[in-house]
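**Student:** One structure follows; several queries about it will come next.
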Amino acid sequence: MKTLAEAKLHKRTTITGISDSDLKPKLLEMGLYTGKVVSILFKAPFGDPIAVDVDGYVLSMRLNEASLVQIEEHV
Amino acid sequence: MKKVGLFGNPNTGKSSLFNRLTGLKQRVGNFPGVTVDKQLGKLKFGHETVQIIDFPGTYSIYPRSADEQVVYKVISNPNHADYPDLALVVVDASNLERNLLLFSQIYDLGVPTVLVLNLTDVASKNGLVINIDQLQSHFPNTTIIRSNARVGLGMNEIHAAISQLGNTGKSPKSNSVPLIAMDDPAAQSTDTTARFERIKRIVADVVTKKENPASRQFSSRLDRWLVHPVLGYVIFFTLLLVIFQTVFSLAAYPMDWIDMAFANLSEWTAAAIPEGLFSRLLTEAIIPGIGGVLIFIPQIGLLFLLISILEETGYMARVVFIMDKLMRPFGLNGKSVVPLISSAACAIPGVMATRTIQSWNERLTTILVAPLMSCSARIPVYTLLIALVIPDQKIWGFLNLQGLVLFGMYALGLVMALLVALVIKQFFRKRAELSVFLLELPAYKAPRWANVGLEVFQKVKLFVLDAGKIILAISIVLWALASFGPGDNMEKAAAAIEAPADKNEINVTAYEDRVAAAKLEHSYMGILGKTIEPVIRPLGYDWKMGISLLTSFAAREVFVGSLATIYSVHQEDDDPKPLIDRLRSEKYPDGKPVYTLASGVSLLVFYAFAMQCMATLAVVKRETKSWKWPLIQLGYMGVLAYLGAFIAYQLLK
């Protein structure tokens, strides 16, 4: 299954779930719930962390955090 | 007194609203049992006073960082001393969905609420239209107020709502929903998911979206440059350089004025009140002690002025973003950058600035290494020692060697901080912990100057009160140690010095300086200095430097004044020249000079690494809630300083 950490830049993706972890409630609180459409806006130098467009606000997260977010890329 | 709690997500203009409501009538208090500062303000309506409490910005009532957990502690306990009679929840109108999560959580607790719909200007610029009546129908028990805290829109309505304290005919929700335990992430996840299901429908009902938001494009155009793989760093480091240049060149003037004012005050007091112990306590300990605290205000104030401007504009979040990957190998976080930069002015606000770091390991590491950054109290010591032992010459025709060494001292502090962080990381390996980064990058905006001004005022106040009282207390203890000695040894030593036959001004001053030096040598402080001499001998120091090292525990820059007293150099107008000349001519009994390149560099290294700051230790104790960490810090920095100085001296000898 693909995660947000592997998503392509600027490609619109839909969140299909959050992997179980201590971080799960935190990621949900930030609005990353199942069905949300997100895309990577830009990446920090060295590719980590990444900045994600979540419905009009910019959330930055480390790749290990993004890898908990399961996604489906739009065709 | 009735209490109004101010809640909201970060970057919603919550502090702007708090500042609008309370202005300068705010102070910092403590929440019982936690170390988080409580921002308090008062608001008067006729003869009733209402207390406003600004809670840390959070995305939900189940927050993770130390700073945010206080929200849960207070709101989960109706018997808590700070439990609000009315909750003012600031909601970002341009991002209603995410903001309504926190609001709905508080609303469901049954606390009387006011929903402050802020940033409505941004929302309409982004093409969002919000139907207030529809929103009201989904939350019937709250009062909704449209506001724009930046320009003061909606303030009258907010005042009115506060003055009625929820008696607006809208009773709070009666069937309050019980809170979920803090340590039950699974239940929290289920609850959050369910809430968003509901909020999604509410937002669809309330918000109409028009296409093509313009302001976001401005932010993303700027981000193309500011987080650029190469330019991003170039811009950041250039900014840092400009900040430090500004701080040090501009702060020098007010610092001179403060210095002079306190010297004059001491002289004037000495002349005005009868001679005696009290007069000496006042003029030799208390007044210089207070002066020693106030002299740091210009630097700390200026640094925080510039940092808070960068924070207000939203740039600091980008710095955290681009620095995170570089800091992580050292067990630090992108969020460690601001505390470390602050520590270059003073470690006290630096340590306090670590609260935004959610991961305890990363936060503790940042706290432990922050005092290794060269703070402004080290500068007088560095400048004196560099002028003393480093030749004033140019390398490659244009680089000043002394300036280069001063820069090197800063680099030494930074490199050592990173190395120590790396070592600490090995210790933490066993108790692995999930490190959290998750950070909102707010849209760029112009700073609101009232916020900047208040931030600077608060930070300076905190420094003066927190560090100030400790520095002052130690100044008095050290003064007592240097002013008294066993039996009448001091008097005897003073009497042994022959008074000059020709009583002209130069002779009398020289005589008085010699008497002061002799007294100091026979005081408790002198005895202490001689006691530790065998220990510091391998570092190239004699007992006189030992005294100066000991007195530096009040504040590092006291080193210079102590040396001046010990060598009976009369300091006038802070001209370092006579002291430097005197130090250069100081010789051991065998004729070798005391202050050589070796002992000078050894002292420089010692001051770079040693934890000679009681005030920082006290703040670290407050922030970590135990004496364990400040003691570890004192220990490891002492060992580093001793070994570093030892190696430097033995290599250069």
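Labels used: A, B, ... for chains in the order of the structure tokens, numbers from 1 for residues in each chain, and numbers from 1 for ligands as shown.
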Could you build a table of the residues in chain A lying no more than 7 Å from chain B, giving for each the nearest pair of atoms and their separation in Å rounded to one decimal place, using only C-alpha atoms, ordered by chain and ascending residue number, as a tab-separated table?
**Tutor:**
residue	atom	partner	partner_atom	distance
A:Asp22	CA	B:Pro185	CA	6.7
A:Lys24	CA	B:Ser189	CA	6.7
A:Pro25	CA	B:Ser189	CA	4.7
A:Leu28	CA	B:Thr192	CA	6.7
A:Glu29	CA	B:Tyr59	CA	6.4
A:Met30	CA	B:Arg98	CA	6.6
A:Gly31	CA	B:Arg98	CA	5.8
A:Tyr33	CA	B:Thr193	CA	6.7
A:Ala44	CA	B:Ile322	CA	5.3
A:Pro45	CA	B:Pro229	CA	4.3
A:Asp48	CA	B:Lys325	CA	6.3
A:Pro49	CA	B:Phe321	CA	6.6
A:Val58	CA	B:Leu441	CA	5.3
A:Leu59	CA	B:Glu440	CA	4.5
A:Ser60	CA	B:Leu439	CA	5.2
A:Met61	CA	B:Leu438	CA	4.6
A:Arg62	CA	B:Phe437	CA	6.4
**Student:** According to DSSP computed on the backbone, where in chain A is there strand (DSSP E)? Give the residues as a list in words.
**Tutor:**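 So the strand (DSSP E) residues in chain A would be Thr13, Thr14, Ile15, Thr16, Gly17, Ile18, Val37, Val38, Ser39, Ile40, Leu41, Phe42, Lys43, Ile50, Ala51, Val52, Asp53, Val54, Tyr57, Val58, Leu59, Ser60, Met61, Val69, Gln70, Ile71, Glu72 and Glu73 of chain A.
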**Student:** Skip Val558 (chain B) itself and residues of its chain fewer than 6 positions away, then list as a PyMOL selection string all residues within 8 Å of it, counting only C-alpha atoms.
**Tutor:** chain B and resi 548+551-552
**Student:** Would you output that residue set with C-alpha atoms, as a compact mmCIF listing (two decimals), in the first residue's frame?
**Tutor:**
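again_33.txt, freshly written:
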# COMPACT_ATOMS: atom_id res chain seq x y z
CA SER B 548 38.06 35.52 39.24
CA THR B 551 33.34 35.24 41.27
CA SER B 552 32.24 34.48 37.70
**Student:** Counting only C-alpha atoms, what is within 7 Å of region 281-298 of chain B, bar same-chain residues fewer than 6 positions away, as a list in words?
**Tutor:**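 That gives Ala251, Pro254, Met255, Ile258, Asp259, Phe262, Ser266, Thr269, Ala270, Val460, Val464, Gly468, Ile471, Leu472, Ser475, Ile476 and Trp479 of chain B.
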**Student:** Convert the current residue selection to file output with N, CA and C atoms, as a PDB file, in the first residue's frame.
**Tutor:**
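Okay, selection-v9.pdb is ready:
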ATOM      1  N   ALA B 251      23.168  47.429  20.357  1.00  0.00           N
ATOM      2  CA  ALA B 251      22.994  47.312  21.805  1.00  0.00           C
ATOM      3  C   ALA B 251      24.141  47.965  22.561  1.00  0.00           C
ATOM      4  N   PRO B 254      23.147  51.669  24.304  1.00  0.00           N
ATOM      5  CA  PRO B 254      22.408  51.686  25.579  1.00  0.00           C
ATOM      6  C   PRO B 254      23.151  50.968  26.696  1.00  0.00           C
ATOM      7  N   MET B 255      23.970  49.954  26.332  1.00  0.00           N
ATOM      8  CA  MET B 255      24.708  49.242  27.382  1.00  0.00           C
ATOM      9  C   MET B 255      25.718  50.168  28.044  1.00  0.00           C
ATOM     10  N   ILE B 258      23.817  52.451  30.447  1.00  0.00           N
ATOM     11  CA  ILE B 258      23.426  51.778  31.686  1.00  0.00           C
ATOM     12  C   ILE B 258      24.643  51.632  32.589  1.00  0.00           C
ATOM     13  N   ASP B 259      25.750  51.232  31.978  1.00  0.00           N
ATOM     14  CA  ASP B 259      26.985  51.040  32.719  1.00  0.00           C
ATOM     15  C   ASP B 259      27.378  52.327  33.440  1.00  0.00           C
ATOM     16  N   PHE B 262      25.000  53.429  36.308  1.00  0.00           N
ATOM     17  CA  PHE B 262      25.134  52.706  37.567  1.00  0.00           C
ATOM     18  C   PHE B 262      26.437  53.026  38.281  1.00  0.00           C
ATOM     19  N   SER B 266      26.466  54.567  42.017  1.00  0.00           N
ATOM     20  CA  SER B 266      27.282  54.025  43.106  1.00  0.00           C
ATOM     21  C   SER B 266      28.090  55.131  43.757  1.00  0.00           C
ATOM     22  N   THR B 269      25.854  57.534  45.656  1.00  0.00           N
ATOM     23  CA  THR B 269      25.352  56.955  46.896  1.00  0.00           C
ATOM     24  C   THR B 269      26.453  56.925  47.951  1.00  0.00           C
ATOM     25  N   ALA B 270      27.650  56.539  47.520  1.00  0.00           N
ATOM     26  CA  ALA B 270      28.763  56.466  48.464  1.00  0.00           C
ATOM     27  C   ALA B 270      29.008  57.826  49.099  1.00  0.00           C
ATOM     28  N   VAL B 460      11.826  40.213  28.403  1.00  0.00           N
ATOM     29  CA  VAL B 460      12.775  41.000  29.189  1.00  0.00           C
ATOM     30  C   VAL B 460      12.375  40.961  30.659  1.00  0.00           C
ATOM     31  N   VAL B 464      14.670  39.674  33.778  1.00  0.00           N
ATOM     32  CA  VAL B 464      15.029  40.541  34.897  1.00  0.00           C
ATOM     33  C   VAL B 464      14.572  39.919  36.213  1.00  0.00           C
ATOM     34  N   GLY B 468      17.500  37.796  37.321  1.00  0.00           N
ATOM     35  CA  GLY B 468      17.950  38.964  38.069  1.00  0.00           C
ATOM     36  C   GLY B 468      18.096  38.704  39.544  1.00  0.00           C
ATOM     37  N   ILE B 471      21.176  36.482  40.199  1.00  0.00           N
ATOM     38  CA  ILE B 471      22.431  37.195  39.989  1.00  0.00           C
ATOM     39  C   ILE B 471      22.675  38.161  41.144  1.00  0.00           C
ATOM     40  N   LEU B 472      21.632  38.849  41.571  1.00  0.00           N
ATOM     41  CA  LEU B 472      21.761  39.817  42.652  1.00  0.00           C
ATOM     42  C   LEU B 472      22.146  39.126  43.958  1.00  0.00           C
ATOM     43  N   SER B 475      25.677  38.026  43.815  1.00  0.00           N
ATOM     44  CA  SER B 475      26.566  39.185  43.911  1.00  0.00           C
ATOM     45  C   SER B 475      26.791  39.545  45.371  1.00  0.00           C
ATOM     46  N   ILE B 476      25.715  39.479  46.166  1.00  0.00           N
ATOM     47  CA  ILE B 476      25.844  39.867  47.574  1.00  0.00           C
ATOM     48  C   ILE B 476      26.690  38.851  48.336  1.00  0.00           C
ATOM     49  N   TRP B 479      30.249  39.339  47.347  1.00  0.00           N
ATOM     50  CA  TRP B 479      30.767  40.561  47.942  1.00  0.00           C
ATOM     51  C   TRP B 479      31.157  40.307  49.397  1.00  0.00           C
TER      52      TRP B 479
END
**Student:** With only C-alpha atoms as the counted atoms, please give the residues lying no more than 12 Å from Val569 (chain B), apart from itself and same-chain residues fewer than 2 positions off, as a PyMOL selection string.
**Tutor:** chain B and resi 509-517+560-567+571-572+574-583
**Student:** Take the residues that were just selected and, keeping C-alpha atoms, output them as a CSV table (one decimal), in the first residue's frame.
**Tutor:**
chain,number,residue,atom,x,y,z
B,509,THR,CA,44.7,56.3,44.2
B,510,ALA,CA,47.6,53.8,43.7
B,511,TYR,CA,47.8,53.3,47.5
B,512,GLU,CA,44.0,52.7,47.8
B,513,ASP,CA,44.1,50.2,44.9
B,514,ARG,CA,47.0,48.3,46.6
B,515,VAL,CA,45.1,48.2,49.9
B,516,ALA,CA,42.1,46.8,48.2
B,517,ALA,CA,44.2,44.1,46.5
B,560,VAL,CA,36.9,41.5,34.3
B,561,GLY,CA,36.0,43.5,37.4
B,562,SER,CA,37.5,40.9,39.7
B,563,LEU,CA,40.8,40.9,37.9
B,564,ALA,CA,40.9,44.7,38.1
B,565,THR,CA,40.4,44.6,41.9
B,566,ILE,CA,43.0,41.8,42.4
B,567,TYR,CA,45.6,43.6,40.4
B,571,GLN,CA,39.4,51.3,36.0
B,572,GLU,CA,38.3,54.5,34.6
B,574,ASP,CA,35.9,51.2,31.2
B,575,ASP,CA,39.1,51.6,29.3
B,576,PRO,CA,40.6,48.1,29.2
B,577,LYS,CA,44.1,49.4,28.4
B,578,PRO,CA,45.5,49.8,31.9
B,579,LEU,CA,44.2,46.4,33.0
B,580,ILE,CA,45.7,44.8,29.9
B,581,ASP,CA,49.1,46.5,30.5
B,582,ARG,CA,49.0,45.4,34.1
B,583,LEU,CA,48.1,41.8,33.2
**Student:** CA of Leu481 (chain B) to CA of Met525 (chain B): how many Å, to one decimal?
**Tutor:** 5.2 Å
**Student:** Mind checking DSSP for region 208-245 of chain B and telling me the alpha helix (DSSP H) residues as a short mmCIF file (atom, residue, chain, number, x, y, z; two decimals) with C-alpha atoms, in the first residue's frame?
**Tutor:**
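Contents of the output file part.cif:
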data_model
loop_
_atom_site.label_atom_id
_atom_site.label_comp_id
_atom_site.auth_asym_id
_atom_site.auth_seq_id
_atom_site.Cartn_x
_atom_site.Cartn_y
_atom_site.Cartn_z
CA SER B 215 -3.30 35.01 -1.01
CA ARG B 216 -2.11 31.41 -1.00
CA GLN B 217 -0.37 32.07 -4.28
CA PHE B 218 1.63 34.85 -2.63
CA SER B 219 2.76 32.48 0.15
CA SER B 220 3.68 29.69 -2.24
CA ARG B 221 5.62 32.11 -4.48
CA LEU B 222 7.64 33.23 -1.43
CA ASP B 223 8.14 29.63 -0.34
CA ARG B 224 9.73 28.83 -3.68
CA TRP B 225 12.67 31.01 -2.53
CA LEU B 226 12.64 30.70 1.25
CA LEU B 231 18.90 29.73 -1.42
CA GLY B 232 16.83 28.78 1.63
CA TYR B 233 19.98 28.25 3.69
CA VAL B 234 21.78 31.23 2.17
CA ILE B 235 18.86 33.50 3.10
CA PHE B 236 18.61 32.06 6.61
CA PHE B 237 22.31 32.37 7.41
CA THR B 238 22.47 35.87 5.93
CA LEU B 239 19.54 36.84 8.13
CA LEU B 240 21.28 35.36 11.17
CA LEU B 241 24.41 37.35 10.40
CA VAL B 242 22.41 40.56 10.01
CA ILE B 243 20.56 39.87 13.27
CA PHE B 244 23.75 39.38 15.25
CA GLN B 245 25.43 42.38 13.68
#
**Student:** List the spatial neighbours of Val351 (chain B) as a PyMOL selection string - criterion: any atom at most 7 Å away, only C-alpha atoms, same-chain residues fewer than 6 positions off excluded.
**Tutor:** chain B and resi 339+367+370+620
**Student:** Counting only C-alpha atoms, figure out which residue out of B:Ala446, B:Lys335, B:Lys459, B:Ala181 gets nearest to Met316 (chain B).
**Tutor:**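 Distance minimum relative to Met316 (chain B) lands on B:Lys335.
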**Student:** Fewer than 2 positions away in the same chain doesn't count, so skip those; otherwise give me all residues within 8 Å of Met614 (chain B), counting only C-alpha atoms, as a list in words.
**Tutor:**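 Final neighbour list, sorted by chain and number: Ile470, Ile471, Phe553, Ala554, Gln612, Thr616, Leu617 and Ala618 of chain B.
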**Student:** Can those selected residues be exported to a file as an mmCIF file, in the first residue's frame so that it contains N, CA and C atoms?
**Tutor:**
data_model
loop_
_atom_site.group_PDB
_atom_site.id
_atom_site.type_symbol
_atom_site.label_atom_id
_atom_site.label_comp_id
_atom_site.auth_asym_id
_atom_site.auth_seq_id
_atom_site.Cartn_x
_atom_site.Cartn_y
_atom_site.Cartn_z
ATOM 1 N N ILE B 470 18.582 35.980 41.137
ATOM 2 C CA ILE B 470 19.672 35.056 41.471
ATOM 3 C C ILE B 470 21.018 35.749 41.313
ATOM 4 N N ILE B 471 21.176 36.482 40.199
ATOM 5 C CA ILE B 471 22.431 37.195 39.989
ATOM 6 C C ILE B 471 22.675 38.161 41.144
ATOM 7 N N PHE B 553 30.773 32.992 38.956
ATOM 8 C CA PHE B 553 29.528 32.242 39.102
ATOM 9 C C PHE B 553 28.321 33.155 39.261
ATOM 10 N N ALA B 554 28.551 34.405 39.659
ATOM 11 C CA ALA B 554 27.428 35.344 39.715
ATOM 12 C C ALA B 554 27.017 35.680 38.295
ATOM 13 N N GLN B 612 28.925 28.560 34.230
ATOM 14 C CA GLN B 612 29.066 29.530 35.306
ATOM 15 C C GLN B 612 27.867 30.459 35.334
ATOM 16 N N THR B 616 20.779 30.249 34.922
ATOM 17 C CA THR B 616 20.398 29.233 33.943
ATOM 18 C C THR B 616 20.080 27.920 34.652
ATOM 19 N N LEU B 617 20.920 27.562 35.633
ATOM 20 C CA LEU B 617 20.663 26.320 36.364
ATOM 21 C C LEU B 617 19.284 26.356 37.011
ATOM 22 N N ALA B 618 18.934 27.508 37.563
ATOM 23 C CA ALA B 618 17.627 27.629 38.210
ATOM 24 C C ALA B 618 16.493 27.472 37.190
#
**Student:** Which residue, A:Leu27, A:Leu68, A:Val75, A:Ala51, has the smallest gap to Lys11 (chain A) when you use only C-alpha atoms?
**Tutor:**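 Checking each of A:Leu27, A:Leu68, A:Val75, A:Ala51 against Lys11 (chain A), counting only C-alpha atoms, the winner is A:Val75.
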